[in-house]
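Structure data follow from model35.cif (mmCIF, C-alpha atoms):
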```cif
data_input
loop_
_atom_site.label_atom_id
_atom_site.label_comp_id
_atom_site.auth_asym_id
_atom_site.auth_seq_id
_atom_site.Cartn_x
_atom_site.Cartn_y
_atom_site.Cartn_z
CA MET W 1 33.56 12.59 -12.20
CA ALA W 2 31.22 14.10 -14.79
CA GLY W 3 27.62 13.42 -13.83
CA PHE W 4 28.53 12.07 -10.41
CA GLU W 5 28.65 15.42 -8.64
CA ALA W 6 24.99 15.16 -7.63
CA LEU W 7 25.62 11.70 -6.20
CA GLU W 8 28.68 13.01 -4.38
CA HIS W 9 26.65 15.87 -2.91
CA LEU W 10 23.91 13.49 -1.86
CA ALA W 11 26.41 11.21 -0.13
CA GLY W 12 27.98 14.25 1.53
CA ASP W 13 24.60 15.50 2.73
CA ALA W 14 23.71 12.05 4.06
CA ALA W 15 27.04 11.82 5.89
CA SER W 16 26.64 15.28 7.43
CA ALA W 17 23.07 14.40 8.46
CA VAL W 18 24.29 11.28 10.25
CA TRP W 19 27.40 12.86 11.74
CA ARG W 20 25.55 14.88 14.37
CA GLN W 21 25.00 14.81 18.07
CA GLU W 22 21.29 13.98 17.59
CA SER W 23 22.01 11.04 15.29
CA TYR W 24 24.48 9.58 17.73
CA GLY W 25 21.90 9.10 20.46
CA ILE W 26 19.26 7.80 18.06
CA ILE W 27 21.65 5.30 16.42
CA SER W 28 22.85 4.16 19.85
CA TRP W 29 19.28 3.51 20.93
CA LEU W 30 18.54 1.85 17.61
CA TYR W 31 21.30 -0.70 18.22
CA ALA W 32 20.18 -1.08 21.82
CA TRP W 33 16.66 -1.98 20.64
CA VAL W 34 18.01 -4.30 17.92
CA PHE W 35 20.08 -6.31 20.40
CA VAL W 36 17.30 -6.36 23.00
CA TRP W 37 14.79 -7.54 20.38
CA ALA W 38 17.12 -10.26 19.09
CA GLY W 39 17.97 -11.31 22.66
CA VAL W 40 14.40 -11.43 23.93
CA THR W 41 13.29 -13.69 21.06
CA LYS W 42 16.11 -16.09 21.95
CA ILE W 43 15.22 -16.04 25.65
CA ARG W 44 11.58 -16.73 24.80
CA GLU W 45 12.43 -19.66 22.52
CA PRO W 46 15.83 -20.91 23.64
CA ALA W 47 15.47 -24.29 21.91
CA HIS W 48 15.35 -22.64 18.47
CA ALA W 49 18.30 -20.41 19.33
CA ALA W 50 20.28 -23.44 20.51
CA ARG W 51 19.38 -25.26 17.30
CA ALA W 52 20.73 -22.30 15.31
CA LEU W 53 24.05 -22.70 17.17
CA THR W 54 24.27 -26.28 15.90
CA ASP W 55 23.30 -25.19 12.38
CA PHE W 56 26.02 -22.55 12.45
CA ARG W 57 28.44 -25.27 13.66
CA LEU W 58 29.21 -23.47 16.88
CA THR W 59 28.46 -26.63 18.80
CA ARG W 60 28.77 -30.25 17.73
CA LYS W 61 25.77 -31.43 19.73
CA LEU W 62 22.85 -32.30 17.50
CA ASN W 63 20.39 -31.53 20.29
CA PRO W 64 22.04 -28.74 22.25
CA ASN W 65 20.74 -27.73 25.65
CA PRO W 66 18.23 -24.88 25.33
CA ARG W 67 20.19 -23.11 28.07
CA LEU W 68 22.81 -22.34 25.44
CA GLY W 69 20.20 -20.44 23.47
CA ARG W 70 19.12 -18.61 26.61
CA VAL W 71 22.74 -17.64 27.35
CA VAL W 72 23.06 -16.16 23.85
CA GLY W 73 19.79 -14.27 24.35
CA VAL W 74 20.81 -12.89 27.74
CA SER W 75 24.19 -11.84 26.29
CA GLU W 76 22.46 -9.92 23.50
CA VAL W 77 20.06 -8.21 25.91
CA THR W 78 23.01 -7.28 28.12
CA LEU W 79 24.86 -5.82 25.15
CA GLY W 80 21.74 -3.88 24.17
CA GLY W 81 21.42 -2.60 27.73
CA ALA W 82 25.07 -1.57 27.75
CA ILE W 83 24.62 0.40 24.52
CA ALA W 84 21.51 2.09 25.89
CA SER W 85 23.20 2.99 29.17
CA GLY W 86 25.79 5.16 27.42
CA TYR W 87 28.74 4.05 29.58
CA SER W 88 32.04 3.42 27.75
CA ASP W 89 30.24 4.11 24.51
CA ALA W 90 33.10 3.57 22.06
CA PHE W 91 34.17 0.34 23.74
CA VAL W 92 30.64 -1.11 23.85
CA ALA W 93 30.04 -0.05 20.23
CA LEU W 94 33.28 -1.77 19.25
CA ILE W 95 32.14 -4.98 20.95
CA ALA W 96 28.79 -4.75 19.13
CA THR W 97 30.67 -4.31 15.85
CA LEU W 98 32.84 -7.34 16.53
CA VAL W 99 29.78 -9.42 17.44
CA LEU W 100 28.04 -8.35 14.23
CA CYS W 101 31.20 -9.07 12.20
CA PHE W 102 31.17 -12.57 13.67
CA PHE W 103 27.51 -12.97 12.65
CA VAL W 104 28.36 -11.82 9.11
CA PHE W 105 31.17 -14.38 8.99
CA LEU W 106 28.87 -17.20 10.20
CA ILE W 107 26.12 -16.32 7.72
CA ALA W 108 28.58 -15.91 4.82
CA ARG W 109 30.22 -19.25 5.64
CA ALA W 110 26.85 -21.01 5.70
CA LEU W 111 25.85 -19.39 2.40
CA VAL W 112 29.14 -20.37 0.75
CA ARG W 113 28.55 -23.95 1.90
CA ARG W 114 25.04 -23.68 0.46
CA GLU W 115 23.51 -24.54 3.82
CA ALA W 116 19.90 -23.50 4.23
CA PHE W 117 18.42 -23.15 7.70
CA PRO W 118 16.65 -20.44 9.68
CA CYS W 119 19.23 -18.25 11.47
CA PHE W 120 16.69 -17.30 14.14
CA CYS W 121 18.35 -13.88 14.11
CA PHE W 122 15.15 -12.03 15.04
CA GLY W 123 12.97 -14.95 15.97
CA SER W 124 11.81 -16.14 12.56
CA THR W 125 11.88 -19.91 12.22
CA GLU W 126 10.33 -19.92 8.74
CA SER W 127 12.68 -17.87 6.59
CA SER W 128 15.90 -19.57 5.62
CA LEU W 129 19.36 -17.98 5.44
CA SER W 130 19.71 -15.91 2.31
CA VAL W 131 21.80 -13.18 0.75
CA ARG W 132 19.22 -10.79 2.19
CA THR W 133 20.04 -12.01 5.72
CA ALA W 134 23.73 -11.49 5.03
CA ALA W 135 23.11 -8.03 3.55
CA ARG W 136 20.98 -7.02 6.55
CA THR W 137 23.67 -8.13 9.02
CA ALA W 138 26.40 -6.47 6.93
CA ALA W 139 24.38 -3.22 6.92
CA LEU W 140 24.00 -3.47 10.70
CA THR W 141 27.78 -3.99 10.97
CA THR W 142 28.46 -0.92 8.84
CA GLY W 143 26.07 1.12 10.98
CA SER W 144 27.82 -0.19 14.07
CA LEU W 145 31.15 1.05 12.69
CA VAL W 146 29.56 4.47 12.23
CA LEU W 147 28.40 4.23 15.85
CA VAL W 148 32.02 3.63 16.96
CA GLY W 149 33.05 6.75 15.04
CA LEU W 150 30.22 8.79 16.55
CA ALA W 151 31.07 7.53 20.03
CA THR W 152 34.63 8.87 19.68
CA SER W 153 33.41 12.28 18.44
CA PHE W 154 30.33 13.09 20.50
CA GLN W 155 28.98 12.80 24.04
CA ARG W 156 25.58 11.36 24.82
CA TYR W 157 22.86 13.64 26.22
CA SER W 158 22.28 13.30 29.94
CA ASN W 159 18.95 15.15 30.06
CA PRO W 160 16.26 12.47 30.64
CA ARG W 161 13.82 14.20 28.28
CA LEU W 162 16.35 14.15 25.45
CA VAL W 163 17.23 10.53 26.18
CA LEU W 164 13.52 9.68 26.01
CA LEU W 165 13.22 11.45 22.66
CA GLU W 166 16.23 9.49 21.36
CA ALA W 167 14.76 6.21 22.55
CA VAL W 168 11.35 6.94 21.03
CA SER W 169 12.92 8.04 17.73
CA ALA W 170 14.99 4.87 17.54
CA LEU W 171 11.97 2.73 18.36
CA ALA W 172 9.97 4.48 15.62
CA LEU W 173 12.81 3.87 13.15
CA LEU W 174 13.09 0.18 14.08
CA SER W 175 9.31 -0.31 13.97
CA THR W 176 9.19 1.34 10.55
CA ALA W 177 11.86 -1.04 9.26
CA ALA W 178 10.05 -4.03 10.77
CA LEU W 179 6.72 -2.94 9.26
CA LEU W 180 8.30 -2.34 5.85
CA SER W 181 9.70 -5.87 5.89
CA PHE W 182 6.09 -7.17 5.92
CA VAL W 183 5.00 -5.08 2.92
CA PRO W 184 6.19 -7.53 0.20
CA THR W 185 4.22 -10.35 1.87
CA LEU W 186 1.14 -8.18 2.32
CA THR W 187 1.10 -6.96 -1.28
CA THR W 188 1.05 -10.46 -2.76
CA VAL W 189 -2.10 -12.44 -3.41
CA ASN W 190 -1.64 -15.75 -1.65
CA GLY W 191 -1.51 -18.80 -3.86
CA GLY W 192 -2.70 -17.05 -7.00
CA GLY W 193 -6.31 -17.42 -5.86
CA SER W 194 -8.05 -19.83 -8.21
CA GLU W 195 -11.73 -19.03 -8.06
CA VAL W 196 -14.41 -21.62 -8.12
CA ALA W 197 -17.61 -20.77 -9.88
CA VAL W 198 -20.66 -21.50 -7.82
CA ARG W 199 -23.76 -22.11 -9.76
CA MET Q 1 16.68 20.12 21.85
CA ASN Q 2 14.71 21.63 18.99
CA SER Q 3 16.43 19.69 16.21
CA LEU Q 4 16.13 16.42 18.16
CA LEU Q 5 12.46 17.12 18.72
CA VAL Q 6 11.93 17.76 15.00
CA ILE Q 7 13.78 14.55 14.10
CA SER Q 8 11.72 12.60 16.64
CA ILE Q 9 8.44 14.00 15.35
CA ALA Q 10 9.48 13.26 11.75
CA LEU Q 11 10.46 9.67 12.60
CA VAL Q 12 7.25 9.05 14.53
CA ALA Q 13 5.26 10.57 11.63
CA VAL Q 14 6.98 8.23 9.16
CA TRP Q 15 6.28 5.30 11.48
CA LEU Q 16 2.62 6.28 11.70
CA ALA Q 17 2.41 6.56 7.91
CA VAL Q 18 3.98 3.13 7.40
CA LEU Q 19 1.75 1.71 10.15
CA THR Q 20 -1.30 3.10 8.35
CA VAL Q 21 -0.18 1.60 5.03
CA THR Q 22 0.51 -1.81 6.56
CA THR Q 23 -2.83 -1.71 8.41
CA LEU Q 24 -4.60 -1.00 5.11
CA LEU Q 25 -2.66 -3.85 3.49
CA ILE Q 26 -3.69 -6.18 6.31
CA ILE Q 27 -7.33 -5.12 5.84
CA ARG Q 28 -6.94 -5.82 2.10
CA GLN Q 29 -5.51 -9.25 2.83
CA LEU Q 30 -8.42 -9.98 5.19
CA GLY Q 31 -10.80 -8.94 2.43
CA LEU Q 32 -9.07 -11.26 -0.03
CA ILE Q 33 -9.23 -14.13 2.45
CA THR Q 34 -12.94 -13.46 3.04
CA LEU Q 35 -13.59 -13.37 -0.71
CA ARG Q 36 -11.73 -16.63 -1.16
CA LEU Q 37 -13.66 -18.29 1.65
CA GLU Q 38 -16.94 -17.07 0.18
CA ALA Q 39 -15.94 -18.40 -3.23
CA ALA Q 40 -14.85 -21.73 -1.80
CA PRO Q 41 -17.00 -24.60 -2.93
CA ALA Q 42 -19.85 -25.74 -0.79
CA SER Q 43 -19.44 -29.05 0.90
CA VAL Q 44 -19.47 -32.09 -1.32
CA GLU Q 45 -22.26 -33.32 0.91
CA ASP Q 46 -24.58 -30.70 -0.66
CA GLY Q 47 -26.84 -31.54 -3.55
CA ILE Q 48 -28.10 -34.92 -4.68
CA LEU Q 49 -27.44 -37.83 -2.34
CA ILE Q 50 -25.25 -40.78 -3.19
CA GLY Q 51 -27.48 -43.78 -3.67
CA THR Q 52 -30.20 -41.74 -5.33
CA PRO Q 53 -31.46 -43.11 -8.63
CA LEU Q 54 -30.60 -40.82 -11.49
CA PRO Q 55 -33.53 -38.36 -11.91
CA LYS Q 56 -35.87 -39.16 -14.76
CA GLU Q 57 -35.08 -35.98 -16.68
CA CYS Q 58 -31.42 -37.03 -16.83
CA VAL Q 59 -32.28 -40.50 -18.12
CA SER Q 60 -34.71 -39.03 -20.67
CA ALA Q 61 -32.01 -36.64 -21.88
CA VAL Q 62 -29.25 -39.25 -22.09
CA PRO Q 63 -30.81 -42.76 -21.98
CA GLU Q 64 -27.45 -44.54 -21.98
CA LEU Q 65 -26.84 -43.28 -18.40
CA ASP Q 66 -29.36 -45.85 -17.19
CA ALA Q 67 -26.89 -48.70 -17.71
CA GLY Q 68 -23.16 -49.09 -17.20
CA LEU Q 69 -20.60 -46.91 -15.45
CA HIS Q 70 -20.41 -43.21 -16.28
CA TYR Q 71 -18.48 -40.26 -14.96
CA LEU Q 72 -20.26 -36.96 -15.57
CA VAL Q 73 -17.77 -34.08 -15.40
CA CYS Q 74 -19.85 -30.93 -14.96
CA LEU Q 75 -18.24 -27.78 -16.32
CA ALA Q 76 -19.30 -24.20 -16.97
CA PRO Q 77 -17.98 -22.00 -19.79
CA ASN Q 78 -17.68 -18.92 -17.57
CA CYS Q 79 -15.66 -20.66 -14.87
CA GLY Q 80 -11.88 -20.20 -15.02
CA PRO Q 81 -10.96 -23.48 -13.28
CA CYS Q 82 -13.28 -25.33 -15.72
CA VAL Q 83 -11.45 -23.90 -18.75
CA GLU Q 84 -8.14 -24.84 -17.15
CA PHE Q 85 -9.53 -28.28 -16.38
CA ALA Q 86 -10.79 -28.75 -19.95
CA SER Q 87 -7.34 -27.87 -21.35
CA GLY Q 88 -5.72 -30.44 -19.08
CA LEU Q 89 -8.13 -33.22 -20.02
CA SER Q 90 -6.34 -33.91 -23.31
CA ASN Q 91 -3.25 -34.96 -21.32
CA LEU Q 92 -5.20 -37.69 -19.53
CA SER Q 93 -6.03 -40.93 -21.28
CA ILE Q 94 -9.42 -41.37 -19.63
CA THR Q 95 -11.82 -41.03 -22.55
CA GLY Q 96 -12.46 -44.77 -22.60
CA ASP Q 97 -13.53 -44.85 -18.97
CA GLY Q 98 -17.08 -43.65 -19.51
CA VAL Q 99 -16.14 -40.03 -18.86
CA LYS Q 100 -18.55 -37.47 -20.23
CA ALA Q 101 -18.17 -33.71 -20.13
CA VAL Q 102 -21.41 -31.85 -19.41
CA PHE Q 103 -21.78 -28.12 -19.78
CA GLN Q 104 -24.50 -25.62 -20.42
CA GLY Q 105 -24.51 -22.59 -22.67
CA THR Q 106 -24.56 -21.98 -26.38
CA GLY Q 107 -22.44 -18.84 -26.65
CA GLU Q 108 -18.89 -18.29 -27.81
CA ALA Q 109 -17.48 -19.23 -24.40
CA ALA Q 110 -19.29 -22.56 -24.54
CA ASP Q 111 -17.93 -23.25 -28.05
CA GLU Q 112 -14.43 -22.34 -26.88
CA LEU Q 113 -14.79 -24.75 -23.95
CA ALA Q 114 -15.93 -27.48 -26.39
CA ARG Q 115 -12.86 -26.84 -28.58
CA LEU Q 116 -10.56 -27.27 -25.58
CA LEU Q 117 -11.94 -30.71 -24.79
CA PRO Q 118 -10.39 -33.79 -26.45
CA ALA Q 119 -12.19 -34.62 -29.72
CA GLU Q 120 -12.82 -38.23 -28.66
CA LEU Q 121 -14.48 -37.22 -25.38
CA HIS Q 122 -18.25 -37.63 -25.17
CA VAL Q 123 -19.62 -34.11 -24.67
CA ILE Q 124 -23.16 -33.43 -23.50
CA ARG Q 125 -24.41 -29.92 -24.25
CA ASP Q 126 -27.74 -28.13 -24.09
CA PRO Q 127 -30.57 -29.00 -23.95
CA ASP Q 128 -29.47 -32.36 -22.45
CA ALA Q 129 -26.88 -30.63 -20.26
CA GLU Q 130 -29.54 -28.38 -18.75
CA ALA Q 131 -31.61 -31.43 -17.77
CA ILE Q 132 -28.57 -33.09 -16.18
CA PHE Q 133 -27.55 -29.93 -14.27
CA GLU Q 134 -31.08 -29.55 -12.94
CA GLY Q 135 -31.55 -33.23 -12.21
CA LEU Q 136 -28.27 -33.59 -10.36
CA ASN Q 137 -28.71 -30.21 -8.64
CA VAL Q 138 -25.16 -29.18 -9.58
CA LYS Q 139 -23.98 -26.60 -7.06
CA MET Q 140 -20.48 -26.00 -8.30
CA THR Q 141 -18.16 -26.57 -11.21
CA PRO Q 142 -15.98 -28.37 -12.03
CA SER Q 143 -17.51 -31.33 -10.25
CA ILE Q 144 -17.99 -35.00 -10.99
CA PHE Q 145 -20.85 -37.43 -10.57
CA GLN Q 146 -20.38 -41.15 -10.86
CA VAL Q 147 -23.38 -43.07 -12.14
CA GLU Q 148 -23.57 -46.85 -12.16
CA ASP Q 149 -26.59 -48.62 -13.65
CA GLY Q 150 -28.70 -45.50 -13.18
CA ILE Q 151 -27.69 -44.93 -9.54
CA ILE Q 152 -25.49 -42.07 -8.28
CA VAL Q 153 -22.62 -43.91 -6.60
CA GLY Q 154 -20.13 -41.09 -6.18
CA LYS Q 155 -19.61 -37.37 -6.44
CA GLY Q 156 -16.86 -34.91 -5.82
CA VAL Q 157 -15.32 -31.54 -6.51
CA LEU Q 158 -12.51 -31.36 -9.06
CA ARG Q 159 -10.03 -28.78 -7.87
CA GLN Q 160 -7.32 -29.79 -10.31
CA ILE Q 161 -6.90 -32.09 -13.28
CA GLY Q 162 -5.24 -34.79 -11.16
CA ASP Q 163 -8.42 -35.09 -9.07
CA LEU Q 164 -10.27 -36.77 -11.96
CA LYS Q 165 -7.75 -39.58 -12.31
CA GLN Q 166 -7.64 -39.92 -8.53
CA PHE Q 167 -11.44 -40.06 -8.36
CA ILE Q 168 -11.62 -42.78 -11.02
CA ASP Q 169 -8.72 -44.78 -9.54
CA ALA Q 170 -10.11 -44.56 -6.00
CA TYR Q 171 -13.53 -45.90 -6.95
CA PRO Q 172 -12.79 -49.64 -6.72
CA LYS Q 173 -11.43 -49.10 -3.20
CA ALA Q 174 -14.12 -46.70 -2.08
CA ASN Q 175 -17.12 -47.81 -0.08
CA THR Q 176 -19.52 -45.79 -2.24
CA ARG Q 177 -21.58 -48.89 -3.00
CA GLU Q 178 -22.13 -49.37 0.73
CA ILE Q 179 -23.04 -45.67 1.11
CA ALA Q 180 -25.39 -46.02 -1.83
CA ARG Q 181 -27.09 -49.04 -0.22
CA ILE Q 182 -27.49 -47.20 3.12
CA ASN Q 183 -28.93 -44.10 1.42
CA ARG Q 184 -31.29 -46.19 -0.66
CA GLU Q 185 -32.52 -47.97 2.46
CA ALA Q 186 -32.91 -44.65 4.28
CA MET Q 187 -34.91 -43.21 1.41
CA SER Q 188 -37.13 -46.27 1.11
CA ASN Q 189 -37.80 -46.00 4.88
CA GLY Q 190 -38.80 -42.37 4.36
CA GLY Q 191 -35.69 -40.98 6.19
#
```
Give the structure from the file, written as structure tokens.
Amino acid sequence: MAGFEALEHLAGDAASAVWRQESYGIISWLYAWVFVWAGVTKIREPAHAARALTDFRLTRKLNPNPRLGRVVGVSEVTLGGAIASGYSDAFVALIATLVLCFFVFLIARALVRREAFPCFCFGSTESSLSVRTAARTAALTTGSLVLVGLATSFQRYSNPRLVLLEAVSALALLSTAALLSFVPTLTTVNGGGSEVAVR
Amino acid sequence: MNSLLVISIALVAVWLAVLTVTTLLIIRQLGLITLRLEAAPASVEDGILIGTPLPKECVSAVPELDAGLHYLVCLAPNCGPCVEFASGLSNLSITGDGVKAVFQGTGEAADELARLLPAELHVIRDPDAEAIFEGLNVKMTPSIFQVEDGIIVGKGVLRQIGDLKQFIDAYPKANTREIARINREAMSNGG
């Protein structure tokens, strides 16, 4: 392992930083916000969400009822609420993991079939399915597995102030990730910018 | 409590930092959009009117413009799109269609622009080019003016090389002659 000790230490430090009581609450809230965000976008635009169900071949109807999309959205918000509530933590985290695993499967299957359509995962109707989408969902699944592990090892705080701190921290983390996702777009110069000389 | 508070403060601080960076990037993008809008060409309606007889200084500079059909492609050596346009001209077989490249300047950039143009293309340079630019009141480059029998019958902005071919091809279908007649009548009535 010559030369890899530093990497090993880094991984160990990262693992010990995550495997703490404080991280557990923050990660739980992070997943709660993620599911609520995904669910709310589907409730707001159920037609797009229903269309995604057809694209993922979960329904054979070419024009599925928007209610289907709303049902998916409400289910996600409910799951997010369940994670936030802190009841039956390990069980809820396991359900979230299974749901995310299913999403990874659907995205991977579509990518293998070379199908390109917007997954409407977080409300975007412009970006098409890509390896990045699959990687993001796979990372969320891995994090969810960590959440299951944390749920079996730690108890959630019951002090409202601490819960508020956890929720705010998770929201800051999620907002940071969302803002960072815009940086590549914001750092490009649109269209190359051909200038026209005005005399 | 303390460690959670520290983590929360750190995460909020990171969020604020990223928010600041993205806000600055958004401001930069707005600046770029503003610059682009400012640099955008003026309306094609600006400048000399369709239907106007070619100004005398233009006819004196290039007498052959007084008869026949001509397309005056106005370029400028210091304009990037013009250089790009000039390079693309050699790929179009339009030299026999009365197309003439007009550009001012006598420096190295002007010579470079002349080298880029197809050898068989009729090129009008200074001092004749200056007279044409002034006479036609050229507001932007690259642009095109269509002259038929000494009358301006069409004009346009050339944003890409394909626009020239499109401009020439569209002419027989266009109602520029009708516009020219209306403008001529309006001018003769003092309007």
Using only C-alpha atoms, find each residue in chain Q having at least one atom no more than 6 Å away from chain W; report its shortest atom-to-atom pair and that distance in Å (one decimal), rows by chain then rising number, as a tab-separated table.
```
residue	atom	partner	partner_atom	distance
Q:Leu4	CA	W:Glu22	CA	5.7
Q:Ser8	CA	W:Ser169	CA	4.8
Q:Leu11	CA	W:Ser169	CA	5.9
Q:Val12	CA	W:Ala172	CA	5.4
Q:Trp15	CA	W:Thr176	CA	5.0
Q:Leu25	CA	W:Leu186	CA	5.9
Q:Cys79	CA	W:Ala197	CA	5.4
Q:Lys139	CA	W:Arg199	CA	5.2
Q:Met140	CA	W:Val198	CA	4.5
Q:Thr141	CA	W:Ala197	CA	6.0
```
**Request:** Taking the file as shown, find all residues satisfying the PyMOL selection byres ((chain Q and resi 150) around 8) and write them as a PyMOL selection string.
**Result:** chain Q and resi 53-54+59+65-68+147-149+151-152
With C-alpha atoms retained, could you export that selection as a PDB file, in the frame of the given file?
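Okay, selection_18.pdb is ready:
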```
ATOM      1  CA  PRO Q  53     -31.460 -43.110  -8.630  1.00  0.00           C
ATOM      2  CA  LEU Q  54     -30.600 -40.820 -11.490  1.00  0.00           C
ATOM      3  CA  VAL Q  59     -32.280 -40.500 -18.120  1.00  0.00           C
ATOM      4  CA  LEU Q  65     -26.840 -43.280 -18.400  1.00  0.00           C
ATOM      5  CA  ASP Q  66     -29.360 -45.850 -17.190  1.00  0.00           C
ATOM      6  CA  ALA Q  67     -26.890 -48.700 -17.710  1.00  0.00           C
ATOM      7  CA  GLY Q  68     -23.160 -49.090 -17.200  1.00  0.00           C
ATOM      8  CA  VAL Q 147     -23.380 -43.070 -12.140  1.00  0.00           C
ATOM      9  CA  GLU Q 148     -23.570 -46.850 -12.160  1.00  0.00           C
ATOM     10  CA  ASP Q 149     -26.590 -48.620 -13.650  1.00  0.00           C
ATOM     11  CA  ILE Q 151     -27.690 -44.930  -9.540  1.00  0.00           C
ATOM     12  CA  ILE Q 152     -25.490 -42.070  -8.280  1.00  0.00           C
TER      13      ILE Q 152
END
```
Around segment 127-134 of chain Q, fit a box with edges along x, y and z, padding it by 8 Å on each side, then list its centre and edge lengths in Å to one decimal as lines of an AutoDock Vina configuration file.
```
center_x = -29.2
center_y = -30.7
center_z = -18.4
size_x = 20.7
size_y = 20.7
size_z = 27.0
```
**Request:** May I have the residues within 10 Å of Asn91 of chain Q as a VMD selection string, using all atoms listed in the file and disregarding those fewer than 4 positions away in the same chain?
**Result:** chain Q and resid 86 to 87 118 161
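Each of Q:Leu75, Q:Arg115, Q:Ala10, Q:Lys100 was checked against Gln146 of chain Q using only C-alpha atoms; the smallest atom-to-atom distance is that of Q:Lys100.
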**Message:** Assuming the chain letters and numbering stay as they are in my file, what does the PyMOL selection byres ((chain W and resi 28) around 9) actually select? List them as JSON, numbers by chain.
**Reply:** {"W": [23, 24, 25, 26, 27, 29, 30, 31, 32, 33, 83, 84, 86, 89, 93, 144, 147, 151, 166, 167, 170]}
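Distance annotation: of W:Leu129, W:Val146, W:Ile43, W:Val163, the residue with the minimal separation from Leu111 of chain W is W:Leu129; atom set is all atoms listed in the file.
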When the PyMOL selection byres ((chain W and resi 66) around 9) is applied to the structure above, which residues does it catch, written out as a short mmCIF file (atom, residue, chain, number, x, y, z; two decimals) with C-alpha atoms, in the frame of the given file?
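Written out: result-v6.cif:
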```cif
data_model
loop_
_atom_site.label_atom_id
_atom_site.label_comp_id
_atom_site.auth_asym_id
_atom_site.auth_seq_id
_atom_site.Cartn_x
_atom_site.Cartn_y
_atom_site.Cartn_z
CA GLU W 45 12.43 -19.66 22.52
CA PRO W 46 15.83 -20.91 23.64
CA ALA W 47 15.47 -24.29 21.91
CA HIS W 48 15.35 -22.64 18.47
CA ALA W 49 18.30 -20.41 19.33
CA ALA W 50 20.28 -23.44 20.51
CA ARG W 51 19.38 -25.26 17.30
CA ASN W 63 20.39 -31.53 20.29
CA PRO W 64 22.04 -28.74 22.25
CA ASN W 65 20.74 -27.73 25.65
CA ARG W 67 20.19 -23.11 28.07
CA LEU W 68 22.81 -22.34 25.44
CA GLY W 69 20.20 -20.44 23.47
CA ARG W 70 19.12 -18.61 26.61
CA VAL W 71 22.74 -17.64 27.35
#
```
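Atom CA of Val14 of chain Q sits 24.2 Å away from atom CA of Leu30 of chain Q.
The spacing separating atom CA of Phe103 of chain Q from atom CA of Ala76 of chain Q amounts to 5.4 Å.
The gap separating atom CA of Gly107 of chain Q from atom CA of Glu57 of chain Q is 23.5 Å, in Å to one decimal.
With distances taken over all atoms listed in the file, W:Phe35 is the one residue among W:Phe103, W:Phe56, W:Phe4, W:Phe35 lying closest to Glu76 of chain W.
Proximity ranking of Q:Asp163, Q:Asp169, Q:Asp128, Q:Glu84 relative to Cys58 of chain Q places Q:Asp128 first, based on only C-alpha atoms.
Protein, DNA and RNA residues at most 12 Å from (26.9, -25.8, 10.0), with only C-alpha atoms, are these: W:Arg51, W:Ala52, W:Leu53, W:Thr54, W:Asp55, W:Phe56, W:Arg57, W:Leu58, W:Thr59, W:Arg60, W:Lys61, W:Leu62, W:Leu106, W:Ile107, W:Ala108, W:Arg109, W:Ala110, W:Leu111, W:Val112, W:Arg113, W:Arg114, W:Glu115, W:Ala116, W:Phe117, W:Pro118, W:Cys119, W:Leu129.
The shortest atom-to-atom distance to Ala119 of chain Q, with all atoms listed in the file taken into account, belongs to Q:Ser90 out of Q:Ser90, Q:Leu136, Q:Val102, Q:Gly80.
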**Message:** Would you pick out the contacts of Asn137 of chain Q at 7 Å or less, using all atoms listed in the file, so that residues sharing its chain but fewer than 2 positions from it are not included, and give the list as JSON, numbers by chain?
**Reply:** {"Q": [47, 48, 133, 134, 135, 139]}
